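Peer 1: Supplied structure: query.cif, mmCIF, C-alpha atoms.
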data_coords
loop_
_atom_site.label_atom_id
_atom_site.label_comp_id
_atom_site.auth_asym_id
_atom_site.auth_seq_id
_atom_site.Cartn_x
_atom_site.Cartn_y
_atom_site.Cartn_z
CA MET A 20 119.87 62.02 25.71
CA SER A 21 119.09 65.67 26.29
CA SER A 22 119.80 65.82 30.02
CA HIS A 23 123.37 64.49 29.91
CA PHE A 24 126.55 66.56 29.55
CA GLY A 25 130.17 65.47 29.25
CA GLN A 26 132.07 62.41 28.03
CA LEU A 27 134.30 61.01 30.80
CA PHE A 28 133.08 63.31 33.58
CA ARG A 29 129.36 63.18 32.91
CA ILE A 30 126.41 64.78 34.63
CA SER A 31 122.73 63.89 34.27
CA THR A 32 120.37 66.49 35.73
CA TYR A 33 116.74 65.86 36.67
CA GLY A 34 113.68 67.62 38.02
CA GLU A 35 111.14 70.29 37.13
CA SER A 36 110.63 73.77 38.53
CA HIS A 37 107.56 72.83 40.58
CA GLY A 38 108.09 69.09 41.00
CA GLY A 39 109.32 67.29 44.09
CA GLY A 40 112.91 68.37 43.65
CA VAL A 41 115.91 68.78 41.38
CA GLY A 42 119.39 67.32 41.32
CA VAL A 43 122.18 65.60 39.47
CA VAL A 44 123.90 62.26 39.03
CA ILE A 45 127.64 62.58 38.36
CA ASP A 46 129.45 59.70 36.70
CA GLY A 47 133.18 59.42 36.04
CA CYS A 48 134.41 61.38 39.04
CA PRO A 49 137.83 60.05 40.07
CA PRO A 50 138.08 58.36 43.48
CA ARG A 51 139.75 59.77 46.59
CA ILE A 52 138.71 63.37 45.97
CA ALA A 53 137.81 65.14 49.23
CA LEU A 54 134.12 66.10 48.98
CA SER A 55 131.40 67.15 51.40
CA GLU A 56 127.91 68.56 51.19
CA ASP A 57 129.37 71.89 52.35
CA ASP A 58 131.55 72.01 49.21
CA ILE A 59 128.42 71.79 47.08
CA GLN A 60 126.27 73.97 49.33
CA LYS A 61 128.49 77.04 49.08
CA GLU A 62 128.03 77.04 45.29
CA LEU A 63 124.27 76.42 45.53
CA ASP A 64 123.97 79.33 47.95
CA ARG A 65 125.42 81.62 45.29
CA ARG A 66 122.78 80.42 42.82
CA ARG A 67 119.71 80.15 45.05
CA PRO A 68 116.69 82.46 44.80
CA GLY A 69 115.84 85.02 47.47
CA GLN A 70 119.48 85.89 48.24
CA SER A 71 118.96 89.64 47.68
CA ALA A 72 116.33 92.20 46.71
CA LEU A 73 117.58 92.03 43.10
CA VAL A 74 116.48 88.46 42.39
CA THR A 75 113.35 86.33 42.53
CA GLN A 76 111.87 86.12 46.02
CA ARG A 77 111.00 82.43 45.78
CA LYS A 78 112.10 81.02 49.13
CA GLU A 79 114.26 77.98 48.54
CA SER A 80 117.02 76.97 50.94
CA ASP A 81 118.42 74.66 48.24
CA LYS A 82 119.87 72.38 50.89
CA CYS A 83 121.64 69.53 49.16
CA ARG A 84 122.03 65.94 50.19
CA ILE A 85 124.63 63.56 48.80
CA LEU A 86 122.90 60.21 48.34
CA SER A 87 125.74 58.11 46.92
CA GLY A 88 129.31 58.00 45.69
CA VAL A 89 130.96 59.54 48.79
CA PHE A 90 132.19 57.70 51.89
CA GLU A 91 134.08 59.11 54.85
CA GLY A 92 134.57 62.43 53.05
CA GLN A 93 136.03 60.98 49.85
CA THR A 94 134.63 60.14 46.43
CA LEU A 95 134.47 56.44 45.68
CA GLY A 96 134.76 56.58 41.91
CA THR A 97 131.13 55.47 41.67
CA PRO A 98 128.15 57.64 40.62
CA ILE A 99 127.51 60.60 42.91
CA ALA A 100 123.85 61.52 43.36
CA VAL A 101 122.94 64.94 44.78
CA ALA A 102 119.33 65.80 45.60
CA VAL A 103 117.75 69.19 46.39
CA PRO A 104 114.04 69.34 47.34
CA ASN A 105 111.69 72.05 46.09
CA GLU A 106 110.25 73.83 49.14
CA ASP A 107 108.35 76.86 47.85
CA ALA A 108 106.59 75.83 44.65
CA ARG A 109 103.35 77.71 44.08
CA SER A 110 101.80 76.16 41.00
CA GLU A 111 98.56 78.13 41.43
CA ALA A 112 100.40 81.29 40.34
CA TYR A 113 100.86 79.71 36.90
CA ALA A 114 97.29 78.45 36.36
CA GLU A 115 96.72 80.82 33.44
CA MET A 116 99.81 79.45 31.68
CA GLN A 117 98.17 76.04 31.46
CA THR A 118 96.28 77.27 28.41
CA THR A 119 98.30 80.35 27.42
CA PHE A 120 101.78 80.54 25.91
CA ARG A 121 104.16 83.04 27.53
CA PRO A 122 106.01 85.19 24.95
CA SER A 123 109.67 84.20 24.41
CA HIS A 124 109.32 81.22 26.76
CA ALA A 125 109.56 77.53 25.94
CA ASP A 126 105.83 76.94 26.46
CA PHE A 127 104.88 76.74 22.79
CA THR A 128 107.95 74.82 21.62
CA TYR A 129 107.74 72.21 24.41
CA GLN A 130 104.04 71.73 23.65
CA ALA A 131 104.73 71.43 19.92
CA LYS A 132 107.60 68.95 20.44
CA TYR A 133 106.20 66.69 23.17
CA GLY A 134 102.45 67.29 23.08
CA VAL A 135 102.58 67.85 26.83
CA ARG A 136 104.45 70.19 29.17
CA ALA A 137 104.92 70.93 32.86
CA TRP A 138 103.31 74.36 32.77
CA PRO A 139 103.89 75.37 36.44
CA GLY A 140 107.06 77.47 36.40
CA GLY A 141 108.19 76.20 33.01
CA GLY A 142 109.20 72.68 34.05
CA ARG A 143 112.63 71.72 32.71
CA ALA A 144 112.90 75.02 30.83
CA SER A 145 113.04 76.87 34.14
CA ALA A 146 116.34 78.12 35.57
CA ARG A 147 115.48 75.89 38.53
CA GLU A 148 117.01 73.10 36.44
CA THR A 149 120.45 74.69 36.87
CA VAL A 150 120.63 73.51 40.50
CA GLY A 151 121.93 70.19 39.17
CA ARG A 152 124.49 71.89 36.96
CA VAL A 153 125.86 74.01 39.79
CA ALA A 154 126.06 70.97 42.09
CA GLY A 155 127.90 69.05 39.36
CA GLY A 156 130.16 72.03 38.76
CA ALA A 157 131.04 72.15 42.46
CA VAL A 158 132.29 68.57 42.25
CA ALA A 159 134.15 69.39 39.04
CA LYS A 160 135.89 72.28 40.82
CA LYS A 161 137.09 69.89 43.53
CA VAL A 162 138.58 67.55 40.93
CA LEU A 163 140.23 70.44 39.10
CA GLY A 164 141.67 71.64 42.39
CA ALA A 165 143.27 68.24 42.92
CA LEU A 166 144.65 68.09 39.36
CA PHE A 167 145.67 71.73 38.98
CA PRO A 168 146.04 73.47 42.37
CA LYS A 169 146.69 76.90 40.81
CA LEU A 170 143.76 76.88 38.37
CA GLU A 171 141.19 79.66 38.90
CA ILE A 172 137.75 80.14 37.36
CA VAL A 173 136.25 83.58 37.95
CA ALA A 174 133.06 84.80 36.27
CA TYR A 175 131.49 88.20 36.81
CA VAL A 176 128.87 90.56 35.45
CA LYS A 177 130.49 92.66 32.75
CA ARG A 178 127.45 94.50 31.42
CA ILE A 179 123.78 94.98 32.26
CA TYR A 180 121.66 96.69 29.63
CA GLN A 181 123.78 99.67 28.53
CA MET A 182 125.98 99.83 31.64
CA GLU A 183 129.41 98.25 31.13
CA ALA A 184 132.03 97.78 33.83
CA LEU A 185 135.78 98.21 33.39
CA ILE A 186 137.33 95.02 34.73
CA ASP A 187 140.85 93.61 34.25
CA PRO A 188 140.48 89.84 33.72
CA LEU A 189 144.15 89.37 34.66
CA ILE A 190 143.66 90.41 38.27
CA VAL A 191 139.94 90.25 39.12
CA THR A 192 139.27 88.13 42.21
CA ALA A 193 136.36 86.03 43.39
CA SER A 194 136.10 88.09 46.58
CA GLU A 195 135.63 91.24 44.48
CA VAL A 196 132.88 89.52 42.51
CA GLU A 197 131.08 88.44 45.67
CA SER A 198 131.41 91.86 47.33
CA ASN A 199 127.98 93.00 46.08
CA PRO A 200 124.68 91.32 45.07
CA VAL A 201 125.10 92.21 41.38
CA ARG A 202 128.35 90.20 41.24
CA CYS A 203 130.08 92.98 39.33
CA PRO A 204 133.58 93.67 40.73
CA ASP A 205 133.40 97.34 39.68
CA ALA A 206 131.71 98.70 42.82
CA GLU A 207 130.59 102.03 41.34
CA THR A 208 129.06 100.45 38.24
CA ALA A 209 127.55 97.67 40.36
CA ALA A 210 125.63 100.22 42.40
CA GLU A 211 124.22 101.79 39.24
CA MET A 212 123.30 98.34 37.93
CA ALA A 213 121.49 97.52 41.17
CA THR A 214 119.43 100.70 40.88
CA LEU A 215 118.52 99.83 37.31
CA ILE A 216 117.47 96.28 38.21
CA GLN A 217 115.27 97.56 41.02
CA SER A 218 113.63 100.06 38.68
CA MET A 219 112.94 97.27 36.19
CA ARG A 220 111.23 95.25 38.91
CA ALA A 221 109.12 98.27 39.91
CA SER A 222 108.00 98.87 36.33
CA GLY A 223 107.32 95.19 35.64
CA ASP A 224 110.10 94.97 33.05
CA SER A 225 113.47 93.23 32.77
CA VAL A 226 117.01 93.64 31.41
CA GLY A 227 119.78 91.38 30.16
CA GLY A 228 123.53 91.72 29.81
CA VAL A 229 126.90 89.99 29.51
CA ILE A 230 128.88 87.76 31.86
CA GLU A 231 132.62 87.43 31.31
CA CYS A 232 134.57 84.44 32.56
CA VAL A 233 138.31 84.03 32.95
CA VAL A 234 140.30 80.84 33.56
CA ARG A 235 143.80 81.45 34.89
CA HIS A 236 146.64 78.89 35.08
CA ALA A 237 144.93 76.49 32.69
CA PRO A 238 147.14 73.65 31.42
CA VAL A 239 148.27 73.35 27.82
CA GLY A 240 146.62 70.65 25.72
CA LEU A 241 142.93 70.65 26.64
CA GLY A 242 140.59 70.22 23.69
CA GLU A 243 139.73 67.41 21.25
CA PRO A 244 139.76 68.59 17.62
CA VAL A 245 137.95 68.66 15.41
CA PHE A 246 134.38 68.48 16.74
CA ASP A 247 135.14 68.77 20.46
CA LYS A 248 137.41 71.79 20.33
CA LEU A 249 137.70 73.44 23.71
CA GLU A 250 135.94 76.63 22.62
CA ALA A 251 133.24 74.58 20.86
CA ASP A 252 132.44 72.69 24.06
CA LEU A 253 132.55 75.90 26.09
CA ALA A 254 130.12 77.47 23.62
CA LYS A 255 127.77 74.50 23.85
CA ALA A 256 127.96 74.56 27.65
CA MET A 257 127.15 78.26 27.86
CA LEU A 258 124.42 78.28 25.22
CA SER A 259 122.71 75.38 26.99
CA LEU A 260 122.07 77.69 29.96
CA PRO A 261 118.62 79.31 30.16
CA ALA A 262 118.32 82.81 28.61
CA THR A 263 121.67 82.71 26.78
CA LYS A 264 121.80 84.19 23.29
CA GLY A 265 125.47 84.65 22.43
CA PHE A 266 129.03 83.42 23.05
CA GLU A 267 132.40 84.83 22.05
CA ILE A 268 135.93 83.93 23.09
CA GLY A 269 139.05 86.06 23.00
CA SER A 270 138.66 88.97 20.58
CA GLY A 271 135.31 87.53 19.51
CA PHE A 272 133.34 89.57 17.01
CA ALA A 273 135.64 92.56 17.56
CA GLY A 274 138.41 90.55 15.92
CA THR A 275 136.63 90.90 12.59
CA LEU A 276 137.56 94.59 12.64
CA LEU A 277 141.31 93.78 12.61
CA THR A 278 143.68 92.57 9.92
CA GLY A 279 145.62 89.34 10.29
CA SER A 280 148.83 91.20 11.14
CA GLU A 281 146.96 93.09 13.86
CA HIS A 282 145.11 90.08 15.24
CA ASN A 283 147.78 87.36 15.34
CA ASP A 284 149.36 86.46 18.70
CA PRO A 285 153.17 86.42 18.16
CA PHE A 286 155.03 83.64 19.98
CA GLU A 287 157.99 84.23 22.28
CA MET A 288 160.03 82.31 24.83
CA ARG A 289 159.36 83.41 28.40
CA GLU A 290 160.72 81.67 31.50
CA GLY A 291 161.60 78.63 29.42
CA ARG A 292 158.09 78.22 27.95
CA VAL A 293 156.42 79.06 24.66
CA ARG A 294 154.13 82.01 25.33
CA THR A 295 152.20 84.54 23.29
CA GLN A 296 152.85 88.28 23.41
CA THR A 297 149.14 89.03 23.08
CA ASN A 298 146.09 86.87 23.76
CA ARG A 299 143.47 87.71 21.17
CA SER A 300 142.93 83.96 20.80
CA GLY A 301 141.52 83.85 24.32
CA GLY A 302 143.81 81.03 25.42
CA VAL A 303 142.68 78.57 22.74
CA GLN A 304 144.33 77.90 19.37
CA GLY A 305 143.32 75.12 17.01
CA GLY A 306 140.70 74.12 19.55
CA ILE A 307 143.39 73.36 22.17
CA SER A 308 144.33 75.40 25.24
CA ASN A 309 147.73 77.06 24.81
CA GLY A 310 148.47 77.87 28.46
CA GLU A 311 147.42 81.51 28.27
CA ILE A 312 144.43 82.89 30.13
CA ILE A 313 141.14 81.59 28.74
CA PHE A 314 138.50 84.29 28.65
CA PHE A 315 135.08 84.46 27.04
CA ARG A 316 131.76 86.29 27.26
CA VAL A 317 128.18 85.04 27.40
CA ALA A 318 125.16 87.15 26.44
CA PHE A 319 121.93 86.76 28.44
CA LYS A 320 118.65 88.10 27.14
CA PRO A 321 116.22 90.10 29.31
CA THR A 322 114.10 87.82 31.48
CA ALA A 323 111.13 86.72 29.36
CA THR A 324 108.64 86.83 32.24
CA ILE A 325 107.56 90.42 32.84
CA ALA A 326 104.60 91.91 34.69
CA GLN A 327 103.36 93.90 31.72
CA ALA A 328 100.52 92.80 29.43
CA GLN A 329 101.81 91.12 26.26
CA LYS A 330 100.06 89.76 23.22
CA THR A 331 100.04 86.00 22.89
CA VAL A 332 97.83 83.04 21.94
CA THR A 333 96.21 80.18 23.80
CA THR A 334 96.71 76.46 23.29
CA THR A 335 93.53 76.48 21.18
CA GLY A 336 94.83 79.23 18.90
CA GLU A 337 92.91 82.19 20.29
CA GLU A 338 94.67 85.55 20.46
CA THR A 339 94.78 87.08 23.94
CA GLU A 340 96.88 89.11 26.38
CA LEU A 341 98.89 87.79 29.28
CA ARG A 342 100.32 89.58 32.30
CA ALA A 343 102.78 87.22 33.95
CA ARG A 344 102.40 86.20 37.57
CA GLY A 345 104.73 84.36 39.88
CA ARG A 346 108.17 85.27 41.24
CA HIS A 347 110.89 86.02 38.73
CA ASP A 348 114.27 87.71 38.35
CA PRO A 349 114.10 91.16 36.73
CA CYS A 350 117.67 90.36 35.61
CA VAL A 351 119.12 86.85 35.54
CA LEU A 352 122.79 87.84 35.52
CA PRO A 353 123.62 87.99 39.26
CA ARG A 354 122.48 84.38 39.75
CA ALA A 355 123.91 83.24 36.40
CA VAL A 356 127.52 83.92 37.45
CA PRO A 357 127.87 80.63 39.42
CA MET A 358 126.09 78.83 36.57
CA VAL A 359 128.72 80.02 34.08
CA GLU A 360 131.52 78.99 36.44
CA ALA A 361 129.93 75.57 36.94
CA MET A 362 129.61 74.86 33.23
CA THR A 363 133.20 76.03 32.69
CA ALA A 364 134.45 73.65 35.37
CA LEU A 365 132.48 70.78 33.84
CA VAL A 366 134.03 71.36 30.42
CA LEU A 367 137.56 71.70 31.78
CA VAL A 368 137.48 68.63 34.01
CA ASP A 369 136.00 66.50 31.24
CA HIS A 370 138.74 67.58 28.83
CA ALA A 371 141.44 67.11 31.47
CA LEU A 372 140.34 63.50 32.00
CA ARG A 373 140.08 62.92 28.23
CA GLN A 374 143.59 64.30 27.74
CA ARG A 375 144.94 62.09 30.52
CA GLY A 376 143.15 59.06 29.13
CA GLN A 377 144.51 59.52 25.60
CA ASN A 378 148.00 60.83 26.30
CA GLY A 379 148.80 59.58 29.79
CA ASP A 380 148.86 63.01 31.40
CA VAL A 381 148.07 66.66 30.84
CA ALA A 382 150.71 69.26 30.02
CA ALA A 383 152.17 71.50 32.67
CA GLN A 384 149.95 74.10 34.26
CA ALA A 385 150.63 77.68 33.24
#
Re-express the file's structure as structure tokens.
Peer 2:
Amino acid sequence: MSSHFGQLFRISTYGESHGGGVGVVIDGCPPRIALSEDDIQKELDRRRPGQSALVTQRKESDKCRILSGVFEGQTLGTPIAVAVPNEDARSEAYAEMQTTFRPSHADFTYQAKYGVRAWPGGGRASARETVGRVAGGAVAKKVLGALFPKLEIVAYVKRIYQMEALIDPLIVTASEVESNPVRCPDAETAAEMATLIQSMRASGDSVGGVIECVVRHAPVGLGEPVFDKLEADLAKAMLSLPATKGFEIGSGFAGTLLTGSEHNDPFEMREGRVRTQTNRSGGVQGGISNGEIIFFRVAFKPTATIAQAQKTVTTTGEETELRARGRHDPCVLPRAVPMVEAMTALVLVDHALRQRGQNGDVAAQA
């Protein structure tokens, strides 16, 4: 089904943008993992709307409630249900969209596929749906922390429009990412990005960009060739996020500009372990993690909802113009950072459990 993700550690998200609420059911979480609503809330707070002047001003506290699967601060091994109510839905702002398709949105395709759609706010196609993913990712992070205490997942804004930050994925920290509302650890570039985003809001336009994610101290052996290669599942996870349009890992498309002798990662022995001198593979070879840093990039398009008149058509086929209303992000990237981290954690924990189930254990952590 379309709202499930994962094999052994599986999430099922539910809810529409302007319905009663959103949330997730998590199945396959190991028992005896310390978990509280606060663990989930801190991740939801990073994703929630209204957190700064750069994002949508929809007022949602996104307060979560764990309904099942946790007792006395520990997971039970049974399904974990997390619910988050919608508090500030204003369906009247979308009345015109009931009969008019928004350009580059899912309005037309949902209508064509199902013959019906939740037009207020975009329904399941809204980024509101990612509340369940981030809640599930918070639980996945707790499991990963128990399995691999040194493992780190850090995502950050690498580029917005034509502004690109210089960031060293080897040393970037989560505190640096969270030091400004753009979530770009390059403070000078972040300030310029913030100014650009505010100007886009003022002009009724939007911009996109690139989020980079790094996984440090990942174990060797994660990935299930041939169809569930680690980078294949990471790509699926990222491209399932709203507004994503591209994924590349390691050298990515830039690797096509090199020869094989330039691109290969030579092996060497270092501290008693097989290591690579370079890491153009991005920590994955043959679809399996090799113990090096995993790093990849995700491209996000400019927000489709803009406050400028655009040509479109109605549900009855009449050509018209539409000027979007409602509350929207002029740039989705600042709030997408925790989404990317959540989906990364979900992929990694699922593959860690699959590796343990097939081979008895996972290889040593790098």
Peer 1: I need the output of the PyMOL selection byres ((chain A and resi 371-373) around 12) for this file as a short mmCIF file (atom, residue, chain, number, x, y, z; two decimals) with C-alpha atoms, in the frame of the given file; which residues are they?
Peer 2:
data_model
loop_
_atom_site.label_atom_id
_atom_site.label_comp_id
_atom_site.auth_asym_id
_atom_site.auth_seq_id
_atom_site.Cartn_x
_atom_site.Cartn_y
_atom_site.Cartn_z
CA GLY A 25 130.17 65.47 29.25
CA GLN A 26 132.07 62.41 28.03
CA LEU A 27 134.30 61.01 30.80
CA PHE A 28 133.08 63.31 33.58
CA ARG A 29 129.36 63.18 32.91
CA GLY A 47 133.18 59.42 36.04
CA CYS A 48 134.41 61.38 39.04
CA PRO A 49 137.83 60.05 40.07
CA ALA A 159 134.15 69.39 39.04
CA VAL A 162 138.58 67.55 40.93
CA LEU A 163 140.23 70.44 39.10
CA GLY A 164 141.67 71.64 42.39
CA ALA A 165 143.27 68.24 42.92
CA LEU A 166 144.65 68.09 39.36
CA PHE A 167 145.67 71.73 38.98
CA ALA A 237 144.93 76.49 32.69
CA PRO A 238 147.14 73.65 31.42
CA VAL A 239 148.27 73.35 27.82
CA GLY A 240 146.62 70.65 25.72
CA LEU A 241 142.93 70.65 26.64
CA GLY A 242 140.59 70.22 23.69
CA GLU A 243 139.73 67.41 21.25
CA ASP A 247 135.14 68.77 20.46
CA LEU A 249 137.70 73.44 23.71
CA ILE A 307 143.39 73.36 22.17
CA SER A 308 144.33 75.40 25.24
CA ALA A 364 134.45 73.65 35.37
CA LEU A 365 132.48 70.78 33.84
CA VAL A 366 134.03 71.36 30.42
CA LEU A 367 137.56 71.70 31.78
CA VAL A 368 137.48 68.63 34.01
CA ASP A 369 136.00 66.50 31.24
CA HIS A 370 138.74 67.58 28.83
CA GLN A 374 143.59 64.30 27.74
CA ARG A 375 144.94 62.09 30.52
CA GLY A 376 143.15 59.06 29.13
CA GLN A 377 144.51 59.52 25.60
CA ASN A 378 148.00 60.83 26.30
CA GLY A 379 148.80 59.58 29.79
CA ASP A 380 148.86 63.01 31.40
CA VAL A 381 148.07 66.66 30.84
CA ALA A 382 150.71 69.26 30.02
CA ALA A 383 152.17 71.50 32.67
CA GLN A 384 149.95 74.10 34.26
#
Peer 1: Using only C-alpha atoms, which residue out of A:Met257, A:Ala318, A:Val150, A:Ile179 lies closest to Val103 of chain A?
Peer 2: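 Ranked by minimum distance to Val103 of chain A, first place goes to A:Val150.
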Peer 1: Write out as a list in words the residues lying within 9 Å of His236 of chain A, counting all atoms listed in the file and excluding same-chain residues fewer than 2 positions away.
Peer 2: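 Residues meeting the cut-off are Phe167, Lys169, Leu170, Glu171, Val234, Pro238, Gly310, Glu311, Ile312, Ile313, Gln384 and Ala385 of chain A.
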Peer 1: Which one of A:Val351, A:Arg342, A:Thr334, A:Ala328 sits closest to Gln130 of chain A if you count only C-alpha atoms?
Peer 2: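 Closest candidate: A:Thr334.
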Peer 1: Please, what distance in Å, to one decimal, runs between atom CA of Gly38 of chain A and atom CA of Glu79 of chain A?
Peer 2: 13.2 Å
Peer 1: Apply the PyMOL selection byres ((chain A and resi 267) around 6) to the structure shown and report the selected residues as a list in words.
Peer 2: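 After applying the PyMOL selection byres ((chain A and resi 267) around 6), what remains is Phe266, Ile268, Gly271, Phe315 and Arg316 of chain A.
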Peer 1: Tell me which residues the PyMOL selection byres ((chain A and resi 218-224) around 7) grabs here, as a PDB file with C-alpha atoms, in the coordinates of the input.
Peer 2:
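Now in selection-v5.pdb:
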ATOM      1  CA  THR A 214     119.430 100.700  40.880  1.00  0.00           C
ATOM      2  CA  LEU A 215     118.520  99.830  37.310  1.00  0.00           C
ATOM      3  CA  ILE A 216     117.470  96.280  38.210  1.00  0.00           C
ATOM      4  CA  GLN A 217     115.270  97.560  41.020  1.00  0.00           C
ATOM      5  CA  SER A 225     113.470  93.230  32.770  1.00  0.00           C
ATOM      6  CA  ILE A 325     107.560  90.420  32.840  1.00  0.00           C
ATOM      7  CA  ALA A 326     104.600  91.910  34.690  1.00  0.00           C
ATOM      8  CA  GLN A 327     103.360  93.900  31.720  1.00  0.00           C
ATOM      9  CA  PRO A 349     114.100  91.160  36.730  1.00  0.00           C
TER      10      PRO A 349
END
Peer 1: Enter the distance from atom CA of Gln70 of chain A to atom CA of Arg354 of chain A, in Å, rounded to one decimal.
Peer 2: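 Calculated distance between atom CA of Gln70 of chain A and atom CA of Arg354 of chain A is 9.1 Å.
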Peer 1: I'd like the interatomic distance between atom CA of Ser36 of chain A and atom CA of Gly142 of chain A, to a tenth of an Å.
Peer 2: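 Atom-to-atom, atom CA of Ser36 of chain A to atom CA of Gly142 of chain A, that is 4.8 Å.
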Peer 1: Using all atoms listed in the file for the distances, tell me which of A:His124, A:Arg51, A:Asn283, A:Asp64 is nearest to Val89 of chain A.
Peer 2: A:Arg51
Peer 1: With distances taken over all atoms listed in the file, which of A:Val41, A:Leu86, A:Ala154, A:Val356 is nearest to Gly228 of chain A?
Peer 2: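 Closest to Gly228 of chain A, using all atoms listed in the file: A:Val356.
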Peer 1: So which residues touch Ala174 of chain A within 8 Å, counting only C-alpha atoms, skipping near sequence neighbours fewer than 4 positions away, as a PyMOL selection string?
Peer 2: chain A and resi 193+196+230-233+356-357+359-360
Peer 1: What's around Leu260 of chain A at 9 Å? Count all atoms listed in the file, leave out sequence neighbours fewer than 4 positions away in its own chain, and write the answer as number ranges by chain.
Peer 2: A: 146, 149, 255-256, 355, 358-359, 362
Peer 1: List the residues sitting within 12 Å of (104.2, 81.5, 25.4) in the file's frame, using all atoms listed in the file, as a ChimeraX atom specification.
Peer 2: /A:115-131,136,138,141,323-324,329-334,336,338-343
Peer 1: List as JSON, numbers by chain the residues having at least one atom at most 10 Å from position (138.6, 73.9, 13.2) as given in the file, counting only C-alpha atoms.
Peer 2: {"A": [244, 245, 246, 247, 248, 251, 304, 305, 306]}
Peer 1: Determine the nearest neighbour of Ile172 of chain A from the options A:His282, A:Phe314, A:Glu290, A:Thr32, counting all atoms listed in the file.
Peer 2: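 Looking at the shortest contact to Ile172 of chain A, the residue is A:Phe314.
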Peer 1: Choose the residue, out of A:Arg299, A:Ala213, A:Pro261, A:Ser22, that has the smallest atom-to-atom separation from Thr275 of chain A; count all atoms listed in the file.
Peer 2: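 Selected residue with least distance to Thr275 of chain A: A:Arg299.
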Peer 1: Which residues are close to Lys78 of chain A, i.e. within 8 Å by all atoms listed in the file, leaving aside same-chain residues fewer than 2 positions away? Reply as a PyMOL selection string.
Peer 2: chain A and resi 68-69+76+80+106-107
Peer 1: Just want the 6 Å neighbourhood of Val226 of chain A, counted on only C-alpha atoms, with same-chain residues fewer than 5 positions away dropped. Output as a list in words.
Peer 2: Tyr180, Pro321 and Cys350 of chain A
Peer 1: Kindly reconstruct segment 151-166 of chain A with N, CA and C atoms and present the result as a compact mmCIF listing (two decimals), in the frame of the given file.
Peer 2:
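Resulting contents of part-v9.txt:
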# COMPACT_ATOMS: atom_id res chain seq x y z
N GLY A 151 121.12 71.37 39.44
CA GLY A 151 121.93 70.19 39.17
C GLY A 151 123.25 70.52 38.51
N ARG A 152 123.25 71.50 37.63
CA ARG A 152 124.49 71.89 36.96
C ARG A 152 125.48 72.48 37.96
N VAL A 153 124.97 73.36 38.83
CA VAL A 153 125.86 74.01 39.79
C VAL A 153 126.40 72.99 40.80
N ALA A 154 125.57 72.03 41.20
CA ALA A 154 126.06 70.97 42.09
C ALA A 154 127.13 70.14 41.39
N GLY A 155 126.89 69.79 40.13
CA GLY A 155 127.90 69.05 39.36
C GLY A 155 129.16 69.86 39.17
N GLY A 156 129.00 71.17 38.93
CA GLY A 156 130.16 72.03 38.76
C GLY A 156 130.98 72.15 40.04
N ALA A 157 130.32 72.10 41.20
CA ALA A 157 131.04 72.15 42.46
C ALA A 157 131.95 70.94 42.62
N VAL A 158 131.46 69.77 42.21
CA VAL A 158 132.29 68.57 42.25
C VAL A 158 133.43 68.68 41.25
N ALA A 159 133.12 69.20 40.06
CA ALA A 159 134.15 69.39 39.04
C ALA A 159 135.26 70.32 39.54
N LYS A 160 134.89 71.36 40.27
CA LYS A 160 135.89 72.28 40.82
C LYS A 160 136.82 71.56 41.80
N LYS A 161 136.26 70.64 42.59
CA LYS A 161 137.09 69.89 43.53
C LYS A 161 138.10 69.01 42.80
N VAL A 162 137.66 68.40 41.71
CA VAL A 162 138.58 67.55 40.93
C VAL A 162 139.65 68.42 40.28
N LEU A 163 139.26 69.54 39.71
CA LEU A 163 140.23 70.44 39.10
C LEU A 163 141.25 70.93 40.13
N GLY A 164 140.77 71.20 41.35
CA GLY A 164 141.67 71.64 42.39
C GLY A 164 142.72 70.60 42.74
N ALA A 165 142.32 69.33 42.65
CA ALA A 165 143.27 68.24 42.92
C ALA A 165 144.26 68.07 41.77
N LEU A 166 143.79 68.25 40.54
CA LEU A 166 144.65 68.09 39.36
C LEU A 166 145.54 69.29 39.13
